[in-house]
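Engineer: work.cif is the file, holding mmCIF, C-alpha atoms:
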```cif
data_protein
#
loop_
_atom_site.group_PDB
_atom_site.id
_atom_site.type_symbol
_atom_site.label_atom_id
_atom_site.label_comp_id
_atom_site.auth_asym_id
_atom_site.auth_seq_id
_atom_site.Cartn_x
_atom_site.Cartn_y
_atom_site.Cartn_z
ATOM 1 C CA MET A 18 -2.169 -3.804 14.705
ATOM 2 C CA VAL A 19 -3.156 -5.067 11.261
ATOM 3 C CA GLU A 20 -0.692 -4.013 8.576
ATOM 4 C CA LEU A 21 -2.517 -2.400 5.671
ATOM 5 C CA GLY A 22 -1.319 -3.179 2.185
ATOM 6 C CA LYS A 23 0.269 -6.522 3.068
ATOM 7 C CA ILE A 24 -2.552 -9.001 2.607
ATOM 8 C CA GLU A 25 -5.399 -9.676 0.240
ATOM 9 C CA LYS A 26 -7.328 -12.278 2.215
ATOM 10 C CA PRO A 27 -9.078 -11.294 5.462
ATOM 11 C CA GLU A 28 -6.905 -11.522 8.538
ATOM 12 C CA VAL A 29 -9.130 -12.790 11.315
ATOM 13 C CA LYS A 30 -7.639 -13.730 14.671
ATOM 14 C CA SER A 31 -10.929 -14.235 16.452
ATOM 15 C CA PHE A 32 -14.618 -14.146 15.585
ATOM 16 C CA LYS A 33 -15.879 -13.870 19.156
ATOM 17 C CA SER A 34 -16.736 -10.215 18.637
ATOM 18 C CA LYS A 35 -19.957 -9.337 16.891
ATOM 19 C CA ARG A 36 -18.571 -6.042 15.572
ATOM 20 C CA LYS A 37 -16.995 -6.277 12.131
ATOM 21 C CA LEU A 38 -14.946 -3.806 10.132
ATOM 22 C CA TYR A 39 -14.162 -4.177 6.435
ATOM 23 C CA VAL A 40 -11.077 -2.148 5.535
ATOM 24 C CA VAL A 41 -10.548 -0.958 1.955
ATOM 25 C CA PRO A 42 -6.967 0.334 1.488
ATOM 26 C CA THR A 43 -6.889 2.723 -1.464
ATOM 27 C CA LEU A 44 -4.913 5.403 -3.226
ATOM 28 C CA PRO A 45 -6.488 8.508 -4.834
ATOM 29 C CA PHE A 46 -6.702 6.716 -8.180
ATOM 30 C CA GLU A 47 -9.256 9.073 -9.721
ATOM 31 C CA GLU A 48 -7.203 12.160 -8.818
ATOM 32 C CA LEU A 49 -3.974 10.575 -10.106
ATOM 33 C CA ALA A 50 -5.474 9.168 -13.318
ATOM 34 C CA LEU A 51 -4.360 11.980 -15.645
ATOM 35 C CA GLN A 52 -0.996 12.578 -13.983
ATOM 36 C CA PHE A 53 0.018 8.918 -14.192
ATOM 37 C CA ASN A 54 -1.925 7.927 -17.293
ATOM 38 C CA ILE A 55 -4.124 5.414 -15.478
ATOM 39 C CA ASP A 56 -6.716 3.624 -17.577
ATOM 40 C CA ASN A 57 -10.142 4.433 -16.146
ATOM 41 C CA ALA A 58 -11.253 0.867 -16.863
ATOM 42 C CA LYS A 59 -8.698 -0.360 -14.313
ATOM 43 C CA ILE A 60 -10.110 2.003 -11.677
ATOM 44 C CA GLU A 61 -13.615 0.778 -12.437
ATOM 45 C CA LYS A 62 -12.398 -2.800 -12.148
ATOM 46 C CA PHE A 63 -10.914 -2.100 -8.711
ATOM 47 C CA TRP A 64 -14.104 -0.625 -7.286
ATOM 48 C CA GLY A 65 -16.154 -3.355 -8.930
ATOM 49 C CA GLU A 66 -14.065 -6.022 -7.194
ATOM 50 C CA VAL A 67 -14.342 -4.147 -3.887
ATOM 51 C CA ASN A 68 -18.114 -4.108 -4.317
ATOM 52 C CA GLU A 69 -18.183 -7.875 -4.910
ATOM 53 C CA LYS A 70 -16.270 -8.489 -1.678
ATOM 54 C CA ILE A 71 -18.534 -6.168 0.298
ATOM 55 C CA GLU A 72 -21.649 -7.816 -1.103
ATOM 56 C CA TYR A 73 -20.285 -11.193 -0.001
ATOM 57 C CA PHE A 74 -19.579 -10.018 3.542
ATOM 58 C CA ALA A 75 -22.922 -8.234 3.805
ATOM 59 C CA SER A 76 -24.802 -11.337 2.660
ATOM 60 C CA THR A 77 -22.832 -13.453 5.154
ATOM 61 C CA TYR A 78 -22.812 -11.213 8.241
ATOM 62 C CA GLY A 79 -25.544 -8.627 7.632
ATOM 63 C CA ASN A 80 -25.916 -5.144 6.191
ATOM 64 C CA ILE A 81 -23.291 -2.451 6.683
ATOM 65 C CA GLY A 82 -24.245 0.150 9.281
ATOM 66 C CA PHE A 83 -21.386 2.640 8.913
ATOM 67 C CA LEU A 84 -19.107 3.895 6.152
ATOM 68 C CA TYR A 85 -15.986 5.571 7.568
ATOM 69 C CA VAL A 86 -14.388 7.843 4.979
ATOM 70 C CA GLU A 87 -11.033 9.590 4.869
ATOM 71 C CA GLY A 88 -10.975 13.284 4.002
ATOM 72 C CA ILE A 89 -14.278 14.032 5.742
ATOM 73 C CA SER A 90 -14.278 15.786 9.099
ATOM 74 C CA GLU A 91 -15.732 13.861 12.027
ATOM 75 C CA GLU A 92 -18.047 16.809 12.665
ATOM 76 C CA GLU A 93 -19.270 17.038 9.070
ATOM 77 C CA ASN A 94 -22.688 15.715 8.132
ATOM 78 C CA ALA A 95 -21.551 14.357 4.764
ATOM 79 C CA GLY A 96 -23.750 12.705 2.196
ATOM 80 C CA LEU A 97 -23.499 11.293 -1.290
ATOM 81 C CA GLU A 98 -22.524 14.689 -2.693
ATOM 82 C CA PHE A 99 -18.985 14.126 -1.376
ATOM 83 C CA PHE A 100 -18.616 11.243 -3.835
ATOM 84 C CA GLU A 101 -20.122 12.982 -6.863
ATOM 85 C CA LYS A 102 -16.629 14.174 -7.809
ATOM 86 C CA TYR A 103 -15.953 10.622 -9.005
ATOM 87 C CA GLY A 104 -18.915 10.784 -11.383
ATOM 88 C CA LYS A 105 -22.377 9.361 -10.780
ATOM 89 C CA ASP A 106 -21.728 6.630 -13.341
ATOM 90 C CA SER A 107 -18.529 5.468 -11.627
ATOM 91 C CA SER A 108 -18.350 2.196 -9.706
ATOM 92 C CA HIS A 109 -16.973 4.143 -6.724
ATOM 93 C CA TYR A 110 -20.071 6.353 -6.516
ATOM 94 C CA LYS A 111 -22.475 3.492 -7.186
ATOM 95 C CA LEU A 112 -20.894 1.441 -4.391
ATOM 96 C CA VAL A 113 -21.396 4.199 -1.830
ATOM 97 C CA LYS A 114 -24.902 4.990 -3.122
ATOM 98 C CA THR A 115 -25.945 1.358 -2.724
ATOM 99 C CA LEU A 116 -24.555 1.208 0.816
ATOM 100 C CA VAL A 117 -26.360 4.414 1.825
ATOM 101 C CA GLU A 118 -29.624 3.219 0.278
ATOM 102 C CA LYS A 119 -29.319 0.065 2.378
ATOM 103 C CA GLY A 120 -28.935 2.093 5.553
ATOM 104 C CA ALA A 121 -25.204 2.809 5.933
ATOM 105 C CA LYS A 122 -24.361 6.116 7.601
ATOM 106 C CA ILE A 123 -21.386 8.078 6.226
ATOM 107 C CA LYS A 124 -18.981 9.159 8.963
ATOM 108 C CA GLY A 125 -15.795 11.196 8.630
ATOM 109 C CA ILE A 126 -12.604 10.013 10.326
ATOM 110 C CA ASP A 127 -10.561 13.203 10.187
ATOM 111 C CA ARG A 128 -10.521 16.613 11.846
ATOM 112 C CA GLU A 129 -10.377 19.736 9.710
ATOM 113 C CA GLU A 130 -7.450 21.323 11.531
ATOM 114 C CA LEU A 131 -5.430 18.093 11.298
ATOM 115 C CA ILE A 132 -6.170 17.771 7.583
ATOM 116 C CA GLU A 133 -5.021 21.347 6.953
ATOM 117 C CA ARG A 134 -1.948 20.977 9.161
ATOM 118 C CA SER A 135 -0.957 17.777 7.394
ATOM 119 C CA ARG A 136 -1.317 19.393 3.970
ATOM 120 C CA LEU A 137 0.706 22.402 5.056
ATOM 121 C CA LEU A 138 3.522 20.296 6.501
ATOM 122 C CA PHE A 139 3.737 17.983 3.488
ATOM 123 C CA ASP A 140 3.720 20.971 1.150
ATOM 124 C CA GLU A 141 6.454 22.705 3.121
ATOM 125 C CA TYR A 142 8.535 19.527 3.262
ATOM 126 C CA SER A 143 8.211 18.966 -0.495
ATOM 127 C CA LYS A 144 9.212 22.551 -1.251
ATOM 128 C CA SER A 145 12.248 22.279 1.031
ATOM 129 C CA PHE A 146 13.989 20.216 -1.646
ATOM 130 C CA LEU A 147 13.739 23.010 -4.208
ATOM 131 C CA PRO A 148 17.069 24.880 -4.527
ATOM 132 C CA GLU A 149 15.146 28.167 -4.873
ATOM 133 C CA ILE A 150 13.536 27.709 -1.458
ATOM 134 C CA LYS A 151 16.852 26.933 0.197
ATOM 135 C CA ASN A 152 18.395 30.019 -1.408
ATOM 136 C CA LEU A 153 15.576 32.216 -0.114
ATOM 137 C CA HIS A 154 16.088 30.903 3.429
ATOM 138 C CA GLU A 155 19.822 31.483 3.214
ATOM 139 C CA GLU A 156 19.297 35.021 1.896
ATOM 140 C CA PHE A 157 17.112 35.882 4.885
ATOM 141 C CA PHE A 158 18.586 33.802 7.731
ATOM 142 C CA GLY A 159 22.186 33.603 6.536
ATOM 143 C CA LYS A 160 24.395 30.969 4.929
ATOM 144 C CA ASN A 161 24.888 29.105 8.202
ATOM 145 C CA ILE A 162 21.222 28.133 8.475
ATOM 146 C CA ASP A 163 20.678 24.492 9.476
ATOM 147 C CA PHE A 164 18.424 23.633 6.536
ATOM 148 C CA GLU A 165 18.691 19.895 7.146
ATOM 149 C CA GLY A 166 17.594 20.528 10.722
ATOM 150 C CA TRP A 167 14.530 22.336 9.340
ATOM 151 C CA ARG A 168 13.650 19.302 7.236
ATOM 152 C CA ASN A 169 14.050 17.016 10.244
ATOM 153 C CA TYR A 170 11.758 19.296 12.250
ATOM 154 C CA LEU A 171 9.116 19.077 9.511
ATOM 155 C CA VAL A 172 9.391 15.263 9.495
ATOM 156 C CA LYS A 173 8.923 15.267 13.269
ATOM 157 C CA LYS A 174 5.800 17.458 13.019
ATOM 158 C CA ILE A 175 4.413 15.309 10.185
ATOM 159 C CA GLN A 176 4.837 12.179 12.319
ATOM 160 C CA GLU A 177 3.187 13.854 15.312
ATOM 161 C CA THR A 178 0.233 14.908 13.154
ATOM 162 C CA GLN A 179 -0.106 11.438 11.643
ATOM 163 C CA ASP A 180 -0.043 9.889 15.123
ATOM 164 C CA GLU A 181 -2.789 12.248 16.242
ATOM 165 C CA MET A 182 -4.866 11.417 13.155
ATOM 166 C CA SER A 183 -4.319 7.707 13.764
ATOM 167 C CA ARG A 184 -5.536 7.970 17.361
ATOM 168 C CA LEU A 185 -8.641 9.803 16.163
ATOM 169 C CA VAL A 186 -9.473 7.078 13.615
ATOM 170 C CA SER A 187 -9.024 4.369 16.244
ATOM 171 C CA LYS A 188 -11.270 6.275 18.650
ATOM 172 C CA LEU A 189 -14.052 6.794 16.092
ATOM 173 C CA ILE A 190 -14.204 3.218 14.819
ATOM 174 C CA GLY A 191 -13.970 2.038 18.419
ATOM 175 C CA GLU A 192 -17.271 3.832 19.087
ATOM 176 C CA MET A 193 -19.104 1.614 16.618
ATOM 177 C CA PRO A 194 -22.031 -0.026 18.452
ATOM 178 C CA GLU A 195 -22.135 -3.708 19.331
ATOM 179 C CA ASP A 196 -23.689 -5.977 16.709
ATOM 180 C CA ALA A 197 -22.807 -3.381 14.037
ATOM 181 C CA SER A 198 -20.524 -3.586 11.036
ATOM 182 C CA GLY A 199 -18.724 -0.892 9.110
ATOM 183 C CA ILE A 200 -16.464 -0.168 6.148
ATOM 184 C CA LEU A 201 -13.301 1.917 6.448
ATOM 185 C CA ILE A 202 -12.023 3.449 3.183
ATOM 186 C CA ILE A 203 -8.518 4.718 3.905
ATOM 187 C CA THR A 204 -5.198 5.438 2.183
ATOM 188 C CA ASP A 205 -3.010 2.366 1.847
ATOM 189 C CA GLU A 206 -0.449 2.051 4.664
ATOM 190 C CA ARG A 207 -2.000 4.838 6.734
ATOM 191 C CA PRO A 208 -1.458 3.518 10.267
ATOM 192 C CA VAL A 209 -4.523 2.527 12.250
ATOM 193 C CA GLU A 210 -4.732 0.559 15.488
ATOM 194 C CA TYR A 211 -7.923 -1.473 15.487
ATOM 195 C CA PRO A 212 -9.899 -2.316 18.644
ATOM 196 C CA GLN A 213 -9.057 -5.805 19.906
ATOM 197 C CA ASP A 214 -12.727 -6.705 20.278
ATOM 198 C CA MET A 215 -13.456 -6.096 16.584
ATOM 199 C CA ASP A 216 -13.170 -8.562 13.684
ATOM 200 C CA VAL A 217 -11.180 -6.875 10.913
ATOM 201 C CA PHE A 218 -11.308 -7.970 7.265
ATOM 202 C CA MET A 219 -9.020 -6.524 4.587
ATOM 203 C CA ILE A 220 -10.504 -5.953 1.122
ATOM 204 C CA ARG A 221 -7.565 -5.661 -1.249
ATOM 205 C CA PRO A 222 -8.347 -7.162 -4.667
ATOM 206 C CA PRO A 223 -5.548 -7.961 -7.167
ATOM 207 C CA SER A 224 -6.504 -4.897 -9.236
ATOM 208 C CA PHE A 225 -5.189 -2.670 -6.430
ATOM 209 C CA ASP A 226 -1.645 -3.946 -6.914
ATOM 210 C CA GLU A 227 -1.932 -3.433 -10.664
ATOM 211 C CA LEU A 228 -2.975 0.191 -10.202
ATOM 212 C CA ALA A 229 -0.287 0.856 -7.588
ATOM 213 C CA ARG A 230 2.328 -0.648 -9.906
ATOM 214 C CA ASN A 231 1.050 1.555 -12.750
ATOM 215 C CA ILE A 232 1.576 4.669 -10.606
ATOM 216 C CA ARG A 233 4.986 3.501 -9.419
ATOM 217 C CA ASP A 234 6.214 2.729 -12.954
ATOM 218 C CA SER A 235 4.893 6.025 -14.323
ATOM 219 C CA SER A 236 6.655 7.900 -11.496
ATOM 220 C CA ARG A 237 9.958 6.265 -12.347
ATOM 221 C CA THR A 238 9.528 7.042 -16.045
ATOM 222 C CA GLY A 239 8.803 10.666 -15.268
ATOM 223 C CA MET A 240 11.960 10.950 -13.165
ATOM 224 C CA LYS A 241 14.235 9.890 -16.045
#
```
For this file, produce the structure as structure tokens.

Structural biologist:
Amino acid sequence: MVELGKIEKPEVKSFKSKRKLYVVPTLPFEELALQFNIDNAKIEKFWGEVNEKIEYFASTYGNIGFLYVEGISEEENAGLEFFEKYGKDSSHYKLVKTLVEKGAKIKGIDREELIERSRLLFDEYSKSFLPEIKNLHEEFFGKNIDFEGWRNYLVKKIQETQDEMSRLVSKLIGEMPEDASGILIITDERPVEYPQDMDVFMIRPPSFDELARNIRDSSRTGMK
């Protein structure tokens, strides 16, 4: 398995396979911009650098046939409208638009019920640390409730859901035809097991680390 978020240069063990996958580890920078005071210019720089890398690979190995996107159901026939939320003038949108115009097909890597289950579990787990929630449980179930056991159960269900989502991603990218190439845009450190007969390149420009550090530092400041 290739560890996301650990390398900037492509990790290539073998180039015998003709299938190629370019992985772009990301965070929801646009959604977090206001909350963590992220300079939009830094986000634009990140997607601009990603675009440069993709253009290099495409010119070297051929056009991109598939664009695998997180947050879109595998059964959904998604188009450019999914990316309009980033703004049509954004580098993120322009990157996807260029790929689609050159023939790339957008494909979802998630399943709606798994997305909803994951959101529900994470939300429930986050709320479990609120004293008010614990008090409500104790009022209904009694003071002897094993609240820590409830948290552990939620962690177990979150892991099971993530494992199921990971297997689905691996299955979908594994179905990519021979002689094809694709891009996978996915949350940094989300586990994925890549097919052994596929050349995998990581696209992680230096601007990613700067943005991630910005979010991390802002989080710490907010906790003080």

Engineer: Please determine, counting only C-alpha atoms, which residue among A:Pro194, A:Ile200, A:Leu228, A:Gly96 has the shortest atom-to-atom distance to Asp214 of chain A.

Structural biologist: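 Using only C-alpha atoms, the shortest distance to Asp214 of chain A belongs to A:Pro194.
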
Engineer: What residues come out when you apply the PyMOL selection byres ((chain A and resi 88-95) around 9) to this file, written as a PyMOL selection string?

Structural biologist: chain A and resi 85-87+96-99+123-129+132+189+203

Engineer: Could you tell me how far atom CA of Ile150 of chain A lies from atom CA of Glu181 of chain A, in Å and to one decimal?

Structural biologist: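 Atom CA of Glu181 of chain A lies 28.6 Å from atom CA of Ile150 of chain A.
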
Engineer: Which distance in Å separates atom CA of Ala58 of chain A and atom CA of Tyr103 of chain A, to one decimal?

Structural biologist: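 According to the coordinates, atom CA of Ala58 of chain A and atom CA of Tyr103 of chain A are separated by 13.4 Å.
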
Engineer: When you draw a straight line from atom CA of Asp180 of chain A to atom CA of Tyr211 of chain A, how long is it in Å?

Structural biologist: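 Going from atom CA of Asp180 of chain A over to atom CA of Tyr211 of chain A, I get 13.8 Å.
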
Engineer: Would you pick out the contacts of Ser135 of chain A at 7 Å or less, using all atoms listed in the file, so that residues sharing its chain but fewer than 3 positions from it are not included, and give the list as a ChimeraX atom specification?

Structural biologist: /A:131-132,138-139,175,178

Engineer: Please, what is the axis-aligned box for every listed atom of segment 118-124 of chain A with 6 Å on each side, as centre and edge lengths in Å to one decimal, as AutoDock Vina command-line options?

Structural biologist:
```
--center_x -24.3 --center_y 4.6 --center_z 4.6 --size_x 22.6 --size_y 21.1 --size_z 20.7
```

Engineer: Could you name the residues that touch Ile220 of chain A at 7 Å or less, counting only C-alpha atoms, but leaving out those on the same chain fewer than 3 positions away, as a PyMOL selection string?

Structural biologist: chain A and resi 25+39-41+67+70

Engineer: Next, write the just-selected residues to a file, as a tab-separated table (two decimals), keeping the file's coordinate frame, keeping C-alpha atoms as the atom set.

Structural biologist:
```tsv
chain	number	residue	atom	x	y	z
A	25	GLU	CA	-5.40	-9.68	0.24
A	39	TYR	CA	-14.16	-4.18	6.44
A	40	VAL	CA	-11.08	-2.15	5.54
A	41	VAL	CA	-10.55	-0.96	1.96
A	67	VAL	CA	-14.34	-4.15	-3.89
A	70	LYS	CA	-16.27	-8.49	-1.68
```

Engineer: Name the residues within 10 Å of (-10.8, -0.7, -10.4), counting only C-alpha atoms in the file's coordinates, and put them as a ChimeraX atom specification.

Structural biologist: /A:46-47,56-67,107-109,222-225,227-228

Engineer: For Lys122 of chain A, which residue out of A:Leu185, A:Leu137, A:Leu153, A:Ala197 is the nearest one, using all atoms listed in the file?

Structural biologist: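 Under the stated criterion, the closest residue is A:Ala197.
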
Engineer: Counting only C-alpha atoms, figure out which residue out of A:Ser145, A:Asp216, A:Tyr110, A:Met182 gets nearest to Phe164 of chain A.

Structural biologist: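 For Phe164 of chain A, the nearest of the given residues is A:Ser145.
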
Engineer: Taking all atoms listed in the file into account, name the residue in A:Gln179, A:Asp140, A:Phe83, A:Leu44 that is nearest to Asp196 of chain A.

Structural biologist: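 Between A:Gln179, A:Asp140, A:Phe83, A:Leu44, the residue approaching Asp196 of chain A most closely is A:Phe83.
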
Engineer: Name the residues in contact with Gly82 of chain A at a cut-off of 6 Å, using all atoms listed in the file, excluding same-chain residues fewer than 6 positions from it; report them as a PyMOL selection string.

Structural biologist: chain A and resi 121+198-199
